[in-house]
Amino acid sequence: MSLLDVVLFLPLLGFLALLILPAGVSRSAALGISLVIFVLSLGLIGTVTAAPDAYGFEGNTPWINTPEIHYHIGLDGLGLWLVILSTLLTPIAILVSWKYIEQRVQLFYAFLLLLEFGVIGVFVSLDLFLFYVFWEVSLVPMYFLIGIWGHDRRIYAAVKFFLYTMAGSVLMLAAIIFLYTQAGTFDYVDILNQLRSGRIVLSAQAEMLLFLAFFLSFAIKVPLFPLHTWLPDAHVEAPTAGSIMLASVMLKMGTYGLVRFCLPLFPGAAHRAAGWIVGLAIVGIIYGALVAMVQPNMKKLVAYSSVSHLGFVVLGIFSFTQAGLDGAVYQMLNHGISTGALFMLVGFMYERRHSLEIAAYGGVATPAPHLAIVFLITTLASIGLPMLNNFVGEYLVLQGAAQVSMASAAAAAVGVILSACYMLWLYQRAFYGRASESLAHHMPDLSKREWIAVVPLLILMLWMGIYTQTFLPAISARNASILQEVNRSATAGVPSPSGVSPEVANAR
Amino acid sequence: MVTLALILALPLLGALLMFLAGRRLPHAVISAVCCGTALGSFICVLLSADQNVTYAEWLPSLNAAWGLNLDALSRVMALVITGVGFLIHVYSVGYMREDAGYYRYFGYLNFFVFAMLLLVLANNYVLMFAGWEGVGLASYLLIGFWFHRPAAAAAGMKAFVVNRVGDVGLLLAILAIQLNVPAAPWIAALLVVGAIGKSAQFPLHTWLPDAMEGPTPVSALIHAATMVTAGVYLIARSHTIFESAAQVSAVVAWIGAFSAILAASVALAQNDIKRVLAWSTVSQLGYMFLALGTGAYWVAIFHMVTHAFFKALLFLGAGNVIHAVYGEQDLRKMGGMRTALPKTHALMLVGAASAAGAPGLAGFFSKDAILASAWSAPLLFVVGMAAALLTAAYMTRLMYLIFYGTAREERLHMHEPPMVMIAPLAVLAVGAIAAGYVSPRFLLTPVLGAEREAGAPEWIVMALATAVAGAGWWFARGRYLNSWPAFLQRAFYIDEIYDAVFVRGFALGGGRLLSAFDARVLDAGVNGVGWLTRLVSRVSIWWDIWIVDGLVRAASFAVKMSSYPVRFVQSGYVQFYALVMLAGLITFVGYLFAR
């Protein structure tokens, strides 16, 4: 049993333990378990960064005999930091819920750990069927987190979230089964080898259909414009911890899937569809930003800003360049940290004033200066100020996009201007000006617990902005080999008449 | 290597100390630390030799590193930033003495000095961009320093957003430079977009007048002497790109000339003491752009230095005036203050005369060099001269409205500020007089190259410049109480146009439109699919009940119907069966008998 098995299954054990343990200790138990998982997960770093291009801690044992499904897991430079992000944010989400969750406490924290189990599973699965199982497992706890502990329209939002994601993943399941009929295995590494060695040959049409089935499922999760409308509802209705986990970790399942599966499995189709996808990504960047601008609800504003930010990630992925792909993966982590922090801070404000409307605030900086400073730093990170994390990701993505076409970089850069507009306007309306009497009395500054929850994220914002060498080399090394294969297969295999030609992408 | 790093480290440490512990420190410690770091940084600039050092990697794949470069150009910039910066720190000790956010103010100010030094000392464009955004942040925080005032909060945001437009231009230019695309005019054009944002040139100049919502020493340091010259530095630093893009250079010259005359004419009509100076700054930066556009890069830096002295002097003088009249900034309510503020009057007079181009003072020499560089383009030269006339006019009007004539409003207890708010002005005044005699030409030409020989007869330019300055003084002296047309006071309504087109049109209008689209089309589509699913399920329930199950029930109904007569007799009563049996027996027996 490797360390990765432990990190993967501890959350599940924690989930079961919490159901058995008395309700009084469940939040402390959940916090303890999740911290242990986090500390253990740090042990994964050394091995994986030493050989980021291989699957570290690989485990492969049969699970179901017919059809042959393996419990095949492994961790490489692409999944490493996403796993760490998940294990870091779970204890933070627990801390954030400490006082807010008062009903069915036991079940709430149990579901948070089950969610952690699901998302870690997604990031380490190397068997397509196993991946699909984890993909669906992660849906269930989130469905209940929104549906039970959410706000007024929680049932609508939870059902919408569940059904929308399900609709996409069913297509993916069909594609996985089709691949099984061709390759005779669900094993991702095996299928990839068969595709590359020519043991299975997909016609251009079949490749495109399979690509689209996977892509649609991931694009809904990202979410890519115009498949994003479940996100604002889910965020607005979810409890703070739900929003944090949803934005920070679950959305990354989509972008991770694109890099892990869509590109390597179907390089030709990915190249052919890139033109359209890049177009949607750029539309999403500007569209999300403009819609965020006019939202009167803080959570909705942050939700639409996510649509804009994740447009950058998709843009980077489908630039098929080293800088673009590095930036995309880095931006997945950045978005997890800064948007997670934003949802956390909005949650803190909600706990004080019981409103998500921007108009209910104003002048918060006077009674709560520390909250204001932390919110400002997070805002600055979110709008991509250099020396904070998002800048590095956005810059690399734009660099990658510019290598393919300066025009698409310029169009995406409009989003950089707009992000400053909507975030600073939000900040101005909520924090500046004079505080009303009632607000001043109900706006205590950050508590010790709240500080502890937010400080790790602030440190990471600075760390990832200033010293990228901790994180980027492992990502970069893995991306380089993915990209090499993808661009080679795309040129060698199916001709790519439209979209971005890899020659252009690789030039310079 | 150590002193070079210290240049940046000192103000950064000062800022960090203020943010982490400043709330608990006494004013004296705060003042000593923050003024000390600025002065220490100044000394380190003097002590450091020219060098280019890379300390650590940042984004190795993109040649972005933590590295600094000190050469003649960055040394001149750094000396102005730390030198003028130190004086303004000292002045702030007096000016901000009673402010509750004293530590926060000095923290921001030290952070600004750090970011500005990073901007001019960075040895690669990506790191320079970090400084570029850093000064934008400092500017945002300091404009909105009194954030409980809605106007200050709005002005801070406006400055940041308008700057962001320029920043994106610069960012794209840096992307192109990183890609090693052959130097092309469009790269130079993108750099210009960045430069005009930061340096408040037309058409991105609208944020600077609003930035006057910040404390006055901030206006002196950031929005006059240093930050707004970052655009000038950027173009000078990238001069090799511009040398191969003649058309773009011409555009730069024209942007500068146009901004110079536009802003000078607007300055003439302003009634707020700080807004006059803000528009004057736009105008003087226009001169620097004019010099850049004509290829006289060192001349632009020369004017940047002299401008830093006389404009910082004027702003700090304005601070003293505002201090004396308890926050009043309306020139129409001042007048006759010469007797109450003799020292401030004398010092500001030096600044105004230097700005107006009085012969022998610093501004005269640098402006003269700019006009000489434009000699070969007659139209630019004429516009430059006209702006010089307007400069002398608005400076005259400003001085007369404050200090001369009679007080237009009764005021009590007007007095000079403490020494700490006079001494820095005196040092700046020395610079505003003498800086013209230390031309940085020979220092800068190795870095920036010599300007093209414009062939201007030196004494004609000087005589003309002196003449227009005199004319401006003579013109404004008798008319300083005039009120000016609304379109000048409102700066040609450019703000109103931008507000309608970009803010309410594009951003808010577009946002509302797309938001409606999101709810009524996209999300309605999703909900529609849900509705359709339910409709289909209703139809299939109907089909199930009435057709599928209906057939079954119809069959059973048919059986039931056909069994109806039979069922009639199957009543289940024994008596009835007996009766029927009896009736049958009787019928049968009757039949037998009847036969």
# chains A, B, ... in the order shown; residues from 1 in each chain; ligands from 1
$ closest_atom_pairs --of "chain B" --to "chain A" --cutoff "7 Å" --atoms "only C-alpha atoms" --output "CSV"
residue,atom,partner,partner_atom,distance
B:Trp58,CA,A:Tyr467,CA,6.1
B:Leu59,CA,A:Thr468,CA,6.8
B:Ala130,CA,A:Pro386,CA,4.9
B:Glu133,CA,A:Leu385,CA,6.6
B:Phe147,CA,A:Tyr432,CA,5.3
B:His148,CA,A:Gly433,CA,3.9
B:Arg149,CA,A:Gly433,CA,5.6
B:Pro150,CA,A:Gly433,CA,5.3
B:Ala153,CA,A:Gln428,CA,6.3
B:Met157,CA,A:Leu424,CA,6.5
B:Val161,CA,A:Cys421,CA,6.2
B:Arg164,CA,A:Ile417,CA,5.6
B:Val165,CA,A:Ile417,CA,6.1
B:Val168,CA,A:Ala413,CA,6.4
B:Leu172,CA,A:Ala410,CA,6.9
B:Leu175,CA,A:Gln399,CA,5.8
B:Ala507,CA,A:Leu290,CA,6.3
B:Leu508,CA,A:Val294,CA,6.3
B:Gly510,CA,A:Leu290,CA,6.6
B:Gly511,CA,A:Leu290,CA,4.4
B:Arg512,CA,A:Val294,CA,6.1
B:Leu514,CA,A:Val291,CA,6.0
B:Ser515,CA,A:Val291,CA,5.1
B:Leu522,CA,A:Pro226,CA,7.0
B:Asp523,CA,A:Thr229,CA,5.6
$ write_last_selection --atoms "N, CA and C atoms" --output "compact mmCIF listing (two decimals), in the first residue's frame"
# COMPACT_ATOMS: atom_id res chain seq x y z
N TRP B 58 12.63 33.83 -11.96
CA TRP B 58 11.20 34.03 -11.70
C TRP B 58 10.42 33.13 -12.65
N LEU B 59 10.49 33.44 -13.93
CA LEU B 59 9.88 32.58 -14.96
C LEU B 59 10.95 32.28 -15.98
N ALA B 130 6.12 44.37 -13.33
CA ALA B 130 5.73 44.20 -11.92
C ALA B 130 5.80 45.53 -11.20
N GLU B 133 2.92 47.83 -12.42
CA GLU B 133 1.64 47.57 -11.77
C GLU B 133 1.70 47.94 -10.30
N PHE B 147 -10.68 56.89 2.11
CA PHE B 147 -11.64 56.08 1.35
C PHE B 147 -13.07 56.28 1.79
N HIS B 148 -13.25 56.90 2.97
CA HIS B 148 -14.64 57.15 3.37
C HIS B 148 -15.27 58.24 2.53
N ARG B 149 -14.43 59.00 1.80
CA ARG B 149 -15.00 60.00 0.87
C ARG B 149 -15.28 59.32 -0.46
N PRO B 150 -16.55 59.29 -0.87
CA PRO B 150 -16.89 58.58 -2.11
C PRO B 150 -16.08 59.08 -3.31
N ALA B 153 -12.67 57.42 -3.29
CA ALA B 153 -12.76 56.00 -3.66
C ALA B 153 -12.96 55.85 -5.17
N MET B 157 -10.32 54.21 -8.15
CA MET B 157 -10.70 53.15 -9.08
C MET B 157 -10.54 53.61 -10.53
N VAL B 161 -8.30 51.77 -13.37
CA VAL B 161 -8.90 51.17 -14.56
C VAL B 161 -8.37 51.82 -15.84
N ARG B 164 -5.12 50.56 -16.42
CA ARG B 164 -5.16 49.17 -16.86
C ARG B 164 -5.26 49.07 -18.39
N VAL B 165 -5.98 49.99 -18.98
CA VAL B 165 -6.08 49.99 -20.44
C VAL B 165 -4.68 50.12 -21.04
N VAL B 168 -2.49 46.94 -20.42
CA VAL B 168 -2.70 45.81 -21.32
C VAL B 168 -1.93 46.02 -22.62
N LEU B 172 0.89 43.40 -23.86
CA LEU B 172 0.94 42.79 -25.19
C LEU B 172 2.28 43.09 -25.87
N LEU B 175 4.75 40.76 -24.43
CA LEU B 175 4.57 39.42 -25.01
C LEU B 175 5.28 39.35 -26.37
N ALA B 507 -19.41 48.89 -20.68
CA ALA B 507 -19.30 48.02 -19.50
C ALA B 507 -20.65 47.74 -18.88
N LEU B 508 -21.37 48.78 -18.48
CA LEU B 508 -22.63 48.52 -17.79
C LEU B 508 -23.73 48.11 -18.76
N GLY B 510 -23.38 46.84 -21.82
CA GLY B 510 -23.05 45.52 -22.35
C GLY B 510 -23.29 44.45 -21.30
N GLY B 511 -22.89 44.76 -20.08
CA GLY B 511 -23.09 43.80 -18.99
C GLY B 511 -24.55 43.48 -18.78
N ARG B 512 -25.39 44.54 -18.77
CA ARG B 512 -26.82 44.29 -18.55
C ARG B 512 -27.42 43.48 -19.70
N LEU B 514 -25.88 41.40 -21.74
CA LEU B 514 -25.44 40.01 -21.70
C LEU B 514 -26.04 39.27 -20.51
N SER B 515 -26.22 40.02 -19.42
CA SER B 515 -26.83 39.41 -18.24
C SER B 515 -28.26 38.97 -18.56
N LEU B 522 -29.73 31.75 -22.51
CA LEU B 522 -28.92 30.57 -22.17
C LEU B 522 -29.57 29.75 -21.05
N ASP B 523 -29.85 30.47 -19.92
CA ASP B 523 -30.40 29.72 -18.81
C ASP B 523 -31.82 29.28 -19.10
$ residues_around --residues "region 339-345 of chain A" --least-positions-apart "2" --cutoff "7 Å" --atoms "only C-alpha atoms" --output "list in words"
Thr240, Ser243, Ile244, Ala247, Ser248, His335, Gly336, Ile337, Gly347, Phe348, Met349, Phe375, Thr378, Val454 and Leu457 of chain A
$ write_last_selection --atoms "all heavy atoms" --output "compact mmCIF listing (two decimals), in the first residue's frame"
# COMPACT_ATOMS: atom_id res chain seq x y z
N THR A 240 -20.93 28.33 2.26
CA THR A 240 -19.59 28.83 1.93
C THR A 240 -18.62 27.69 1.60
O THR A 240 -17.92 27.74 0.59
CB THR A 240 -19.05 29.64 3.11
OG1 THR A 240 -19.98 30.67 3.39
CG2 THR A 240 -17.72 30.25 2.77
N SER A 243 -19.23 26.35 -1.81
CA SER A 243 -18.73 27.24 -2.86
C SER A 243 -17.22 27.13 -3.00
O SER A 243 -16.69 27.11 -4.10
CB SER A 243 -19.08 28.69 -2.55
OG SER A 243 -20.43 28.93 -2.80
N ILE A 244 -16.54 27.08 -1.86
CA ILE A 244 -15.08 27.00 -1.91
C ILE A 244 -14.66 25.72 -2.62
O ILE A 244 -13.84 25.75 -3.56
CB ILE A 244 -14.48 27.04 -0.49
CG1 ILE A 244 -14.73 28.41 0.14
CG2 ILE A 244 -12.99 26.73 -0.51
CD1 ILE A 244 -14.33 28.48 1.60
N ALA A 247 -15.67 25.83 -6.46
CA ALA A 247 -14.86 26.70 -7.31
C ALA A 247 -13.42 26.24 -7.35
O ALA A 247 -12.79 26.18 -8.40
CB ALA A 247 -14.93 28.13 -6.80
N SER A 248 -12.90 25.90 -6.17
CA SER A 248 -11.46 25.67 -6.10
C SER A 248 -11.05 24.33 -6.66
O SER A 248 -10.03 24.22 -7.31
CB SER A 248 -11.00 25.75 -4.65
OG SER A 248 -11.34 27.00 -4.12
N HIS A 335 -6.56 29.92 -9.55
CA HIS A 335 -7.99 30.18 -9.43
C HIS A 335 -8.53 29.50 -8.18
O HIS A 335 -9.34 30.06 -7.45
CB HIS A 335 -8.72 29.71 -10.68
CG HIS A 335 -10.19 29.91 -10.61
ND1 HIS A 335 -11.05 28.92 -10.19
CD2 HIS A 335 -10.96 30.99 -10.86
CE1 HIS A 335 -12.28 29.39 -10.20
NE2 HIS A 335 -12.25 30.64 -10.60
N GLY A 336 -8.05 28.30 -7.93
CA GLY A 336 -8.48 27.59 -6.73
C GLY A 336 -8.18 28.38 -5.48
O GLY A 336 -9.00 28.46 -4.56
N ILE A 337 -7.02 29.00 -5.45
CA ILE A 337 -6.62 29.71 -4.24
C ILE A 337 -7.32 31.07 -4.14
O ILE A 337 -7.93 31.39 -3.12
CB ILE A 337 -5.09 29.88 -4.23
CG1 ILE A 337 -4.46 28.52 -3.97
CG2 ILE A 337 -4.66 30.88 -3.19
CD1 ILE A 337 -3.05 28.42 -4.39
N GLY A 347 -18.26 34.71 2.39
CA GLY A 347 -18.96 33.93 3.41
C GLY A 347 -18.84 34.58 4.78
O GLY A 347 -19.81 34.65 5.54
N PHE A 348 -17.63 35.06 5.11
CA PHE A 348 -17.44 35.75 6.39
C PHE A 348 -18.38 36.95 6.49
O PHE A 348 -18.96 37.22 7.54
CB PHE A 348 -15.99 36.25 6.53
CG PHE A 348 -14.98 35.16 6.69
CD1 PHE A 348 -13.63 35.42 6.54
CD2 PHE A 348 -15.36 33.86 7.00
CE1 PHE A 348 -12.68 34.42 6.69
CE2 PHE A 348 -14.43 32.85 7.16
CZ PHE A 348 -13.08 33.14 6.99
N MET A 349 -18.49 37.68 5.38
CA MET A 349 -19.35 38.86 5.40
C MET A 349 -20.81 38.46 5.56
O MET A 349 -21.57 39.10 6.28
CB MET A 349 -19.13 39.68 4.12
CG MET A 349 -17.78 40.38 4.08
SD MET A 349 -17.30 40.92 2.45
CE MET A 349 -18.29 42.39 2.28
N PHE A 375 -9.30 41.16 1.93
CA PHE A 375 -10.14 41.15 0.73
C PHE A 375 -9.43 41.88 -0.41
O PHE A 375 -9.47 41.45 -1.56
CB PHE A 375 -11.49 41.82 1.03
CG PHE A 375 -12.58 41.45 0.07
CD1 PHE A 375 -13.57 40.54 0.43
CD2 PHE A 375 -12.63 41.99 -1.20
CE1 PHE A 375 -14.58 40.18 -0.46
CE2 PHE A 375 -13.63 41.64 -2.09
CZ PHE A 375 -14.60 40.74 -1.71
N THR A 378 -6.70 39.69 -1.88
CA THR A 378 -7.32 38.64 -2.70
C THR A 378 -7.83 39.22 -4.01
O THR A 378 -7.68 38.61 -5.07
CB THR A 378 -8.47 38.00 -1.92
OG1 THR A 378 -8.00 37.67 -0.61
CG2 THR A 378 -8.96 36.76 -2.59
N VAL A 454 -7.68 31.86 6.42
CA VAL A 454 -7.34 32.62 5.22
C VAL A 454 -5.84 32.78 5.01
O VAL A 454 -5.37 32.92 3.89
CB VAL A 454 -8.07 33.99 5.22
CG1 VAL A 454 -7.40 34.99 6.12
CG2 VAL A 454 -8.20 34.51 3.80
N LEU A 457 -3.92 30.72 2.41
CA LEU A 457 -4.20 31.12 1.02
C LEU A 457 -3.44 32.39 0.67
O LEU A 457 -2.91 32.52 -0.44
CB LEU A 457 -5.70 31.30 0.83
CG LEU A 457 -6.54 30.05 1.09
CD1 LEU A 457 -8.01 30.32 0.83
CD2 LEU A 457 -6.07 28.90 0.21
$ atom_distance --atom1 "CA of Gln106 (chain A)" --atom2 "CA of Ala29 (chain A)"
9.9 Å
$ residues_around --residues "region 208-221 of chain B" --least-positions-apart "4" --cutoff "8 Å" --atoms "only C-alpha atoms" --output "number ranges by chain"
B: 84-85, 88, 91-92, 95, 109, 142-146, 151-152, 155-156, 159, 200, 225-227, 274-275, 278-279, 282, 311-313, 315-316, 318-319
$ atom_distance --atom1 "CA of Ala359 (chain A)" --atom2 "CA of Trp149 (chain A)"
24.4 Å
$ select_by_dssp --residues "region 206-337 of chain A" --states "alpha helix (DSSP H)" --output "MDAnalysis selection string"
chainID A and resid 206:221 230:237 240:245 251:257 263:265 267:293 298:317 322:337
$ residues_around --residues "Leu285 (chain B)" --least-positions-apart "6" --cutoff "10 Å" --atoms "only C-alpha atoms" --output "list in words"
Ile196, Ser199, Ala200, Gln201, Ala224, Val228, Thr229, Gly231, Val232, Gly256, Ala257, Ser259, Ala260, Ala263, Trp279, Ala291, Ala300, His303, Met304 and His307 of chain B
$ write_last_selection --atoms "N, CA, C and O atoms" --output "PDB file, in the first residue's frame"
ATOM      1  N   ILE B 196       1.148  56.150 -22.563  1.00  0.00           N
ATOM      2  CA  ILE B 196       0.180  57.245 -22.401  1.00  0.00           C
ATOM      3  C   ILE B 196      -0.795  56.965 -21.268  1.00  0.00           C
ATOM      4  O   ILE B 196      -1.343  57.890 -20.689  1.00  0.00           O
ATOM      5  N   SER B 199       1.396  57.934 -18.156  1.00  0.00           N
ATOM      6  CA  SER B 199       1.800  59.341 -18.184  1.00  0.00           C
ATOM      7  C   SER B 199       0.644  60.274 -18.503  1.00  0.00           C
ATOM      8  O   SER B 199       0.868  61.453 -18.804  1.00  0.00           O
ATOM      9  N   ALA B 200      -0.572  59.764 -18.451  1.00  0.00           N
ATOM     10  CA  ALA B 200      -1.762  60.613 -18.569  1.00  0.00           C
ATOM     11  C   ALA B 200      -1.724  61.501 -19.805  1.00  0.00           C
ATOM     12  O   ALA B 200      -1.912  62.704 -19.735  1.00  0.00           O
ATOM     13  N   GLN B 201      -1.461  60.899 -20.952  1.00  0.00           N
ATOM     14  CA  GLN B 201      -1.502  61.650 -22.203  1.00  0.00           C
ATOM     15  C   GLN B 201      -2.816  61.375 -22.918  1.00  0.00           C
ATOM     16  O   GLN B 201      -3.411  60.309 -22.732  1.00  0.00           O
ATOM     17  N   ALA B 224       3.066  63.867 -10.063  1.00  0.00           N
ATOM     18  CA  ALA B 224       3.772  64.975 -10.695  1.00  0.00           C
ATOM     19  C   ALA B 224       5.225  64.596 -10.954  1.00  0.00           C
ATOM     20  O   ALA B 224       5.673  64.579 -12.098  1.00  0.00           O
ATOM     21  N   VAL B 228       4.080  59.388 -12.948  1.00  0.00           N
ATOM     22  CA  VAL B 228       3.568  59.741 -14.265  1.00  0.00           C
ATOM     23  C   VAL B 228       4.681  59.868 -15.306  1.00  0.00           C
ATOM     24  O   VAL B 228       4.403  59.904 -16.502  1.00  0.00           O
ATOM     25  N   THR B 229       5.943  59.908 -14.857  1.00  0.00           N
ATOM     26  CA  THR B 229       7.014  59.950 -15.845  1.00  0.00           C
ATOM     27  C   THR B 229       7.437  58.549 -16.267  1.00  0.00           C
ATOM     28  O   THR B 229       8.332  58.396 -17.082  1.00  0.00           O
ATOM     29  N   GLY B 231       5.937  56.532 -18.170  1.00  0.00           N
ATOM     30  CA  GLY B 231       5.735  56.374 -19.607  1.00  0.00           C
ATOM     31  C   GLY B 231       6.909  56.942 -20.396  1.00  0.00           C
ATOM     32  O   GLY B 231       7.345  56.366 -21.398  1.00  0.00           O
ATOM     33  N   VAL B 232       7.412  58.076 -19.922  1.00  0.00           N
ATOM     34  CA  VAL B 232       8.574  58.692 -20.572  1.00  0.00           C
ATOM     35  C   VAL B 232       9.773  57.755 -20.459  1.00  0.00           C
ATOM     36  O   VAL B 232      10.498  57.508 -21.433  1.00  0.00           O
ATOM     37  N   GLY B 256       2.074  64.107 -27.736  1.00  0.00           N
ATOM     38  CA  GLY B 256       2.648  65.001 -26.738  1.00  0.00           C
ATOM     39  C   GLY B 256       2.248  66.445 -26.986  1.00  0.00           C
ATOM     40  O   GLY B 256       1.786  67.132 -26.060  1.00  0.00           O
ATOM     41  N   ALA B 257       2.398  66.893 -28.213  1.00  0.00           N
ATOM     42  CA  ALA B 257       2.089  68.286 -28.524  1.00  0.00           C
ATOM     43  C   ALA B 257       0.613  68.573 -28.269  1.00  0.00           C
ATOM     44  O   ALA B 257       0.248  69.594 -27.669  1.00  0.00           O
ATOM     45  N   SER B 259      -1.474  66.921 -26.281  1.00  0.00           N
ATOM     46  CA  SER B 259      -1.755  66.890 -24.842  1.00  0.00           C
ATOM     47  C   SER B 259      -1.258  68.163 -24.184  1.00  0.00           C
ATOM     48  O   SER B 259      -1.909  68.706 -23.281  1.00  0.00           O
ATOM     49  N   ALA B 260      -0.092  68.647 -24.631  1.00  0.00           N
ATOM     50  CA  ALA B 260       0.479  69.847 -24.022  1.00  0.00           C
ATOM     51  C   ALA B 260      -0.462  71.031 -24.179  1.00  0.00           C
ATOM     52  O   ALA B 260      -0.752  71.745 -23.211  1.00  0.00           O
ATOM     53  N   ALA B 263      -4.108  70.348 -22.442  1.00  0.00           N
ATOM     54  CA  ALA B 263      -4.101  70.420 -20.983  1.00  0.00           C
ATOM     55  C   ALA B 263      -3.783  71.835 -20.509  1.00  0.00           C
ATOM     56  O   ALA B 263      -4.339  72.297 -19.509  1.00  0.00           O
ATOM     57  N   TRP B 279      -3.537  69.532 -14.404  1.00  0.00           N
ATOM     58  CA  TRP B 279      -3.572  69.739 -15.853  1.00  0.00           C
ATOM     59  C   TRP B 279      -2.227  70.239 -16.353  1.00  0.00           C
ATOM     60  O   TRP B 279      -1.788  69.894 -17.451  1.00  0.00           O
ATOM     61  N   ALA B 291       9.384  65.618 -27.023  1.00  0.00           N
ATOM     62  CA  ALA B 291      10.821  65.389 -27.163  1.00  0.00           C
ATOM     63  C   ALA B 291      11.105  63.940 -27.555  1.00  0.00           C
ATOM     64  O   ALA B 291      11.920  63.684 -28.445  1.00  0.00           O
ATOM     65  N   ALA B 300      14.015  64.658 -23.098  1.00  0.00           N
ATOM     66  CA  ALA B 300      12.811  64.307 -22.344  1.00  0.00           C
ATOM     67  C   ALA B 300      13.150  64.016 -20.884  1.00  0.00           C
ATOM     68  O   ALA B 300      12.451  64.448 -19.962  1.00  0.00           O
ATOM     69  N   HIS B 303      13.915  67.253 -19.072  1.00  0.00           N
ATOM     70  CA  HIS B 303      12.706  67.970 -18.652  1.00  0.00           C
ATOM     71  C   HIS B 303      12.008  67.242 -17.513  1.00  0.00           C
ATOM     72  O   HIS B 303      11.414  67.873 -16.636  1.00  0.00           O
ATOM     73  N   MET B 304      12.113  65.923 -17.546  1.00  0.00           N
ATOM     74  CA  MET B 304      11.535  65.143 -16.437  1.00  0.00           C
ATOM     75  C   MET B 304      12.170  65.558 -15.105  1.00  0.00           C
ATOM     76  O   MET B 304      11.480  65.728 -14.094  1.00  0.00           O
ATOM     77  N   HIS B 307      11.177  69.240 -14.268  1.00  0.00           N
ATOM     78  CA  HIS B 307       9.755  69.225 -13.917  1.00  0.00           C
ATOM     79  C   HIS B 307       9.540  68.646 -12.524  1.00  0.00           C
ATOM     80  O   HIS B 307       8.714  69.142 -11.756  1.00  0.00           O
TER      81      HIS B 307
END
$ residues_around --residues "region 493-499 of chain B" --least-positions-apart "2" --cutoff "12 Å" --atoms "only C-alpha atoms" --output "count of residues only"
29
$ closest_residue --among "B:Phe442, B:Trp531, B:Tyr108, B:Phe160" --to "Pro11 (chain B)" --atoms "only C-alpha atoms"
B:Tyr108
$ residues_around --residues "Gly449 (chain B)" --least-positions-apart "5" --cutoff "12 Å" --atoms "only C-alpha atoms" --output "list of chain:residue names"
B:Ala72, B:Leu73, B:Ala236, B:Arg237, B:Ser238, B:His239, B:Thr240, B:Glu243, B:Gly295, B:Ala296, B:Tyr297, B:Trp298, B:Val299, B:Arg441, B:Phe442, B:Leu443, B:Leu444
$ write_last_selection --atoms "N, CA and C atoms" --output "compact mmCIF listing (two decimals), in the first residue's frame"
# COMPACT_ATOMS: atom_id res chain seq x y z
N ALA B 72 23.11 54.85 -16.52
CA ALA B 72 22.92 56.31 -16.38
C ALA B 72 21.44 56.67 -16.33
N LEU B 73 20.66 56.07 -17.22
CA LEU B 73 19.24 56.42 -17.28
C LEU B 73 18.53 56.05 -15.99
N ALA B 236 11.88 55.95 -23.47
CA ALA B 236 13.33 56.19 -23.54
C ALA B 236 14.09 54.88 -23.43
N ARG B 237 13.66 54.01 -22.51
CA ARG B 237 14.32 52.73 -22.32
C ARG B 237 14.20 51.86 -23.57
N SER B 238 13.08 51.98 -24.28
CA SER B 238 12.84 51.15 -25.47
C SER B 238 13.18 51.91 -26.75
N HIS B 239 14.09 52.87 -26.67
CA HIS B 239 14.29 53.77 -27.81
C HIS B 239 14.73 53.04 -29.06
N THR B 240 15.41 51.89 -28.89
CA THR B 240 15.84 51.18 -30.11
C THR B 240 14.64 50.71 -30.93
N GLU B 243 13.35 53.78 -32.74
CA GLU B 243 14.21 54.31 -33.80
C GLU B 243 13.93 53.64 -35.13
N GLY B 295 12.88 62.18 -31.14
CA GLY B 295 14.12 61.43 -31.02
C GLY B 295 15.09 62.02 -30.02
N ALA B 296 14.68 63.11 -29.34
CA ALA B 296 15.58 63.73 -28.35
C ALA B 296 15.30 63.11 -26.99
N TYR B 297 15.75 61.85 -26.83
CA TYR B 297 15.38 61.11 -25.63
C TYR B 297 15.97 61.73 -24.37
N TRP B 298 17.23 62.12 -24.44
CA TRP B 298 17.84 62.67 -23.22
C TRP B 298 17.17 63.98 -22.84
N VAL B 299 16.65 64.71 -23.85
CA VAL B 299 15.99 65.98 -23.54
C VAL B 299 14.72 65.72 -22.73
N ARG B 441 23.00 65.64 -20.52
CA ARG B 441 23.25 65.23 -21.89
C ARG B 441 24.39 64.22 -22.03
N PHE B 442 25.54 64.58 -21.46
CA PHE B 442 26.70 63.72 -21.68
C PHE B 442 26.63 62.44 -20.86
N LEU B 443 25.85 62.53 -19.78
CA LEU B 443 25.62 61.33 -18.98
C LEU B 443 24.75 60.33 -19.75
N LEU B 444 23.74 60.87 -20.44
CA LEU B 444 22.71 60.00 -21.02
C LEU B 444 22.99 59.56 -22.44
